[in-house]
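S.K.: Take a look at the following structure, please.
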Number of protein chains: 2
Amino acid sequence: MEQFSEAQRDAMYANMFALFNQLYPLSPAVLATIRRHTNIVFFKRRSIILEHGKICRNCYFGLKGMVRAYYIKDDGQEITSWFMKEGDIIISVQSFFTQTESHEVLEALDDTLCISLRIDVLEEIYRKFPEFNFVGRKLTEHYYIQMENRAFSLRMDDARQRYDRLVAQHPDIITRVPIGYIASYLGISAETLSRIRSGTY
Amino acid sequence: MEQFSEAQRDAMYANMFALFNQLYPLSPAVLATIRRHTNIVFFKRRSIILEHGKICRNCYFGLKGMVRAYYIKDDGQEITSWFMKEGDIIISVQSFFTQTESHEVLEALDDTLCISLRIDVLEEIYRKFPEFNFVGRKLTEHYYIQMENRAFSLRMDDARQRYDRLVAQHPDIITRVPIGYIASYLGISAETLSRIRSGTY
DNA sequence: CACAAGTCTTGATATATATCAAAAAATTCA
DNA sequence: TGAATTTTTTGATATATATCAAGACTTGTG
């Protein structure tokens, strides 16, 4: 992999720390501990970050690149559950939070750069710096609300409305992700999404 | 409403504290603070716990009774988002976590009894007892995973499979909730659910 | 207890979206 | 670059589920 200068690393961590500090102003001691016990990892385009059935033992902070999470149906069909990118926390929610075998696969859609934090290190940080639970709670709340919105759209909106909502809320996903993955995320076939986009529907 | 003896209250709180302690062993000081700054509230069957457009300023712990959360579509149709009952935390997720006007309505389906905790009190507890963020984080994670499972079922399963999954995972909801509400939660019409249940599909 | 109001079922038909198949376009890589 | 592969589009047909309408149940209430 590439090596990074200290200045480059500083910039990467500044990114993540800005997010944390905005939720709860953290002491230099916590930030130094985080920096000391995490590292920068690189995933090649198309590579698997987390395999199906493995336990998600790392939490990633996205620095560059798009990642998708997907399930595999019994018939082999892949169902995309979500997309994560720069500034996002990247995990298999179920697996990371419960430390059980993941139902999801995490796959890098681009060459992807992340800060990687091991669960045991994170738990140690939660223990040693209880105020960091504030950050963990706020981030969980944030992603929970996003998930709720998506579940809601699936019940309330038809295919075209779900697509329009995604375009409105996440225009970058539309441009950066192959249409087939977007279709399975929206719960529709690739053909239907193609027709929606072409104005047939 | 009714008055409760100290012994009855003890039993109610024991319920909630057991949940908390199981996530993180809390000091008597926190528990005493919680008990002192919360109260038991009663909602009559069919009454509205939280109106649409109001800010959800209380977090409830369910002691008795079923509650449903629903949205109202532009055309007036009610779409049930979830059911909460004894042992559950009852809030409008979006409204409580962001302290913005609720998109959801919370409605008591039964005569319902809850422990009520004001958001400002909760925030004070988070500040004064940072370890309580651990509990808040764990609970948020738990409900987040549940929400993920539901969003997933909506994308992956057809109507019959979604119903079967609900029966398998929450048999009590089927027996305690009118079928029309269950249908809108599953994202299908009441007629279709009726046919699924009768074995037509 | 009976009637009103709401809820659930059943049937007929309509519609959104899936599926299958093949061509067209885009992307990858040797 | 150009052939091979993958992705996307388009067309024809099939299907799951919605909608509309009417009747049968339930339930709550005076």
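Labels for the structure tokens follow display order: chains A, B, ..., residues from 1 in each chain, ligands from 1.
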With 9 Å as the limit and counting only C-alpha atoms (C1' of nucleotides), what residues in chain C lie close to chain A? Please list them as number ranges by chain.
M.R.: C: 16-18
S.K.: Identify, on the basis of only C-alpha atoms (C1' of nucleotides), every residue whose closest approach to region 9-14 of chain C does not exceed 9 Å; exclude the query and any residue fewer than 5 positions from it along the same chain; express the result as a compact mmCIF listing (two decimals) with N, CA and C atoms (P, O5', C5', C4', C3', O3' and C1' of nucleotides), in the first residue's frame.
M.R.:
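Output below, filename selection_28.txt:
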```txt
# COMPACT_ATOMS: atom_id res chain seq x y z
N GLU B 191 -57.01 -5.88 2.41
CA GLU B 191 -57.60 -6.99 1.66
C GLU B 191 -56.56 -8.08 1.38
N SER B 194 -55.77 -9.98 4.44
CA SER B 194 -56.87 -10.89 4.74
C SER B 194 -56.76 -12.16 3.89
N ARG B 195 -56.46 -12.00 2.63
CA ARG B 195 -56.32 -13.17 1.74
C ARG B 195 -55.13 -14.03 2.13
N SER B 198 -56.12 -16.05 5.11
CA SER B 198 -57.13 -17.08 4.84
C SER B 198 -56.57 -18.19 3.95
P DA D 18 -50.95 -4.51 -1.94
O5' DA D 18 -51.75 -3.71 -3.06
C5' DA D 18 -51.04 -2.75 -3.84
C4' DA D 18 -51.99 -1.89 -4.64
C3' DA D 18 -53.07 -1.20 -3.82
O3' DA D 18 -53.23 0.12 -4.30
C1' DA D 18 -54.08 -2.69 -5.40
P DT D 19 -54.23 1.13 -3.57
O5' DT D 19 -55.62 0.98 -4.37
C5' DT D 19 -55.62 1.10 -5.78
C4' DT D 19 -57.01 0.77 -6.28
C3' DT D 19 -58.14 1.40 -5.44
O3' DT D 19 -58.99 2.08 -6.34
C1' DT D 19 -58.53 -0.91 -5.80
P DC D 20 -60.09 3.15 -5.81
O5' DC D 20 -61.48 2.38 -6.04
C5' DC D 20 -61.73 1.81 -7.33
C4' DC D 20 -62.89 0.84 -7.24
C3' DC D 20 -64.04 1.33 -6.35
O3' DC D 20 -65.24 1.20 -7.10
C1' DC D 20 -63.42 -0.88 -5.79
P DG D 23 -74.75 -6.51 -1.15
O5' DG D 23 -74.26 -7.59 -0.08
C5' DG D 23 -73.62 -8.78 -0.56
C4' DG D 23 -72.80 -9.38 0.56
C3' DG D 23 -73.60 -9.58 1.85
O3' DG D 23 -73.31 -10.89 2.32
C1' DG D 23 -71.62 -8.34 2.30
P DA D 24 -74.06 -11.50 3.54
O5' DA D 24 -72.88 -11.62 4.60
C5' DA D 24 -71.81 -12.53 4.32
C4' DA D 24 -70.84 -12.47 5.48
C3' DA D 24 -71.49 -12.78 6.84
O3' DA D 24 -70.56 -13.56 7.57
C1' DA D 24 -70.48 -10.65 6.92
P DC D 25 -71.06 -14.60 8.61
O5' DC D 25 -70.00 -14.33 9.79
C5' DC D 25 -70.01 -13.11 10.23
C4' DC D 25 -68.76 -12.46 10.59
C3' DC D 25 -68.67 -12.39 12.12
O3' DC D 25 -67.39 -12.80 12.54
C1' DC D 25 -68.68 -10.18 11.12
```
S.K.: List the neighbours of region 115-130 of chain B out to 6 Å using only C-alpha atoms (C1' of nucleotides); skip same-chain residues closer than 4 positions along the sequence, and give me the result as a PDB file with C-alpha atoms, in the first residue's frame.
M.R.:
```
ATOM      1  CA  PRO A 130     -17.244   7.395  29.337  1.00  0.00           C
ATOM      2  CA  GLU A 131     -17.969  10.707  27.583  1.00  0.00           C
TER       3      GLU A 131
ATOM      4  CA  THR B  38     -39.697  10.425  36.282  1.00  0.00           C
ATOM      5  CA  ASN B  39     -43.324   9.528  36.787  1.00  0.00           C
ATOM      6  CA  ILE B  40     -45.940   6.979  35.936  1.00  0.00           C
ATOM      7  CA  ARG B  57     -40.221  15.741  24.632  1.00  0.00           C
ATOM      8  CA  ASN B  58     -40.749  12.552  26.606  1.00  0.00           C
ATOM      9  CA  CYS B  59     -39.313   9.124  26.367  1.00  0.00           C
ATOM     10  CA  TYR B  60     -41.630   6.428  27.712  1.00  0.00           C
ATOM     11  CA  PHE B  61     -40.865   3.003  29.084  1.00  0.00           C
TER      12      PHE B  61
END
```
S.K.: Enter the distance from CA of Asp164 (chain B) to C1' of DC20 (chain C), in Å, rounded to one decimal.
M.R.: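 Interatomic distance here is 28.7 Å.
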S.K.: Using Å and a single decimal, report how far CA of Thr200 (chain A) sits from C1' of DA12 (chain D).
M.R.: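 Interatomic distance, C1' of DA12 (chain D) to CA of Thr200 (chain A): 15.1 Å.
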S.K.: May I ask for the distance between CA of Trp82 (chain A) and CA of Leu63 (chain A), given in Å to one decimal place?
M.R.: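 Separation of CA of Trp82 (chain A) and CA of Leu63 (chain A): 17.2 Å.
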S.K.: Could the residues of chain A that have an atom at most 6 Å from chain B be listed as JSON lines, each with its closest atom pair and the distance in Å to one decimal, counting only C-alpha atoms and ordered by chain and ascending residue number?
M.R.:
```
{"residue": "A:Gln94", "atom": "CA", "partner": "B:Ile145", "partner_atom": "CA", "distance": 5.8}
{"residue": "A:Pro130", "atom": "CA", "partner": "B:Pro130", "partner_atom": "CA", "distance": 5.5}
{"residue": "A:Glu131", "atom": "CA", "partner": "B:Pro130", "partner_atom": "CA", "distance": 5.5}
{"residue": "A:Asn133", "atom": "CA", "partner": "B:Asn133", "partner_atom": "CA", "distance": 5.4}
{"residue": "A:Phe134", "atom": "CA", "partner": "B:Asn133", "partner_atom": "CA", "distance": 5.6}
{"residue": "A:Arg137", "atom": "CA", "partner": "B:Arg137", "partner_atom": "CA", "distance": 4.4}
{"residue": "A:Tyr144", "atom": "CA", "partner": "B:Tyr144", "partner_atom": "CA", "distance": 5.2}
{"residue": "A:Ile145", "atom": "CA", "partner": "B:Gln94", "partner_atom": "CA", "distance": 5.8}
{"residue": "A:Ala151", "atom": "CA", "partner": "B:Ala151", "partner_atom": "CA", "distance": 4.5}
{"residue": "A:Arg155", "atom": "CA", "partner": "B:Gly187", "partner_atom": "CA", "distance": 4.7}
{"residue": "A:Gly187", "atom": "CA", "partner": "B:Arg155", "partner_atom": "CA", "distance": 4.7}
```
S.K.: Could you save those same residues with N, CA and C atoms as a PDB file, in the first residue's frame?
M.R.:
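Writing the result to selection10.pdb gives the following:
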```
ATOM      1  N   GLN A  94     -25.674  -4.951  12.150  1.00  0.00           N
ATOM      2  CA  GLN A  94     -26.026  -6.115  12.964  1.00  0.00           C
ATOM      3  C   GLN A  94     -24.776  -6.805  13.508  1.00  0.00           C
ATOM      4  N   PRO A 130     -15.788   7.582  29.440  1.00  0.00           N
ATOM      5  CA  PRO A 130     -17.244   7.395  29.337  1.00  0.00           C
ATOM      6  C   PRO A 130     -17.917   8.449  28.461  1.00  0.00           C
ATOM      7  N   GLU A 131     -17.355   9.652  28.401  1.00  0.00           N
ATOM      8  CA  GLU A 131     -17.969  10.707  27.583  1.00  0.00           C
ATOM      9  C   GLU A 131     -17.952  10.346  26.101  1.00  0.00           C
ATOM     10  N   ASN A 133     -19.003   7.664  24.932  1.00  0.00           N
ATOM     11  CA  ASN A 133     -20.302   7.025  24.677  1.00  0.00           C
ATOM     12  C   ASN A 133     -21.319   8.033  24.126  1.00  0.00           C
ATOM     13  N   PHE A 134     -21.120   9.287  24.504  1.00  0.00           N
ATOM     14  CA  PHE A 134     -21.983  10.345  23.994  1.00  0.00           C
ATOM     15  C   PHE A 134     -21.875  10.403  22.472  1.00  0.00           C
ATOM     16  N   ARG A 137     -23.361   7.274  20.918  1.00  0.00           N
ATOM     17  CA  ARG A 137     -24.824   7.337  20.964  1.00  0.00           C
ATOM     18  C   ARG A 137     -25.362   8.264  19.884  1.00  0.00           C
ATOM     19  N   TYR A 144     -29.650   5.665  12.738  1.00  0.00           N
ATOM     20  CA  TYR A 144     -30.955   5.068  13.033  1.00  0.00           C
ATOM     21  C   TYR A 144     -32.051   5.859  12.321  1.00  0.00           C
ATOM     22  N   ILE A 145     -31.988   7.172  12.422  1.00  0.00           N
ATOM     23  CA  ILE A 145     -32.989   8.022  11.772  1.00  0.00           C
ATOM     24  C   ILE A 145     -32.947   7.834  10.255  1.00  0.00           C
ATOM     25  N   ALA A 151     -36.809   2.852   5.548  1.00  0.00           N
ATOM     26  CA  ALA A 151     -37.863   1.853   5.774  1.00  0.00           C
ATOM     27  C   ALA A 151     -39.210   2.483   5.475  1.00  0.00           C
ATOM     28  N   ARG A 155     -42.342   1.622   2.438  1.00  0.00           N
ATOM     29  CA  ARG A 155     -43.745   1.337   2.703  1.00  0.00           C
ATOM     30  C   ARG A 155     -44.673   2.330   2.034  1.00  0.00           C
ATOM     31  N   GLY A 187     -35.438  -1.797  -4.046  1.00  0.00           N
ATOM     32  CA  GLY A 187     -36.381  -2.910  -4.011  1.00  0.00           C
ATOM     33  C   GLY A 187     -37.117  -3.086  -5.324  1.00  0.00           C
TER      34      GLY A 187
END
```
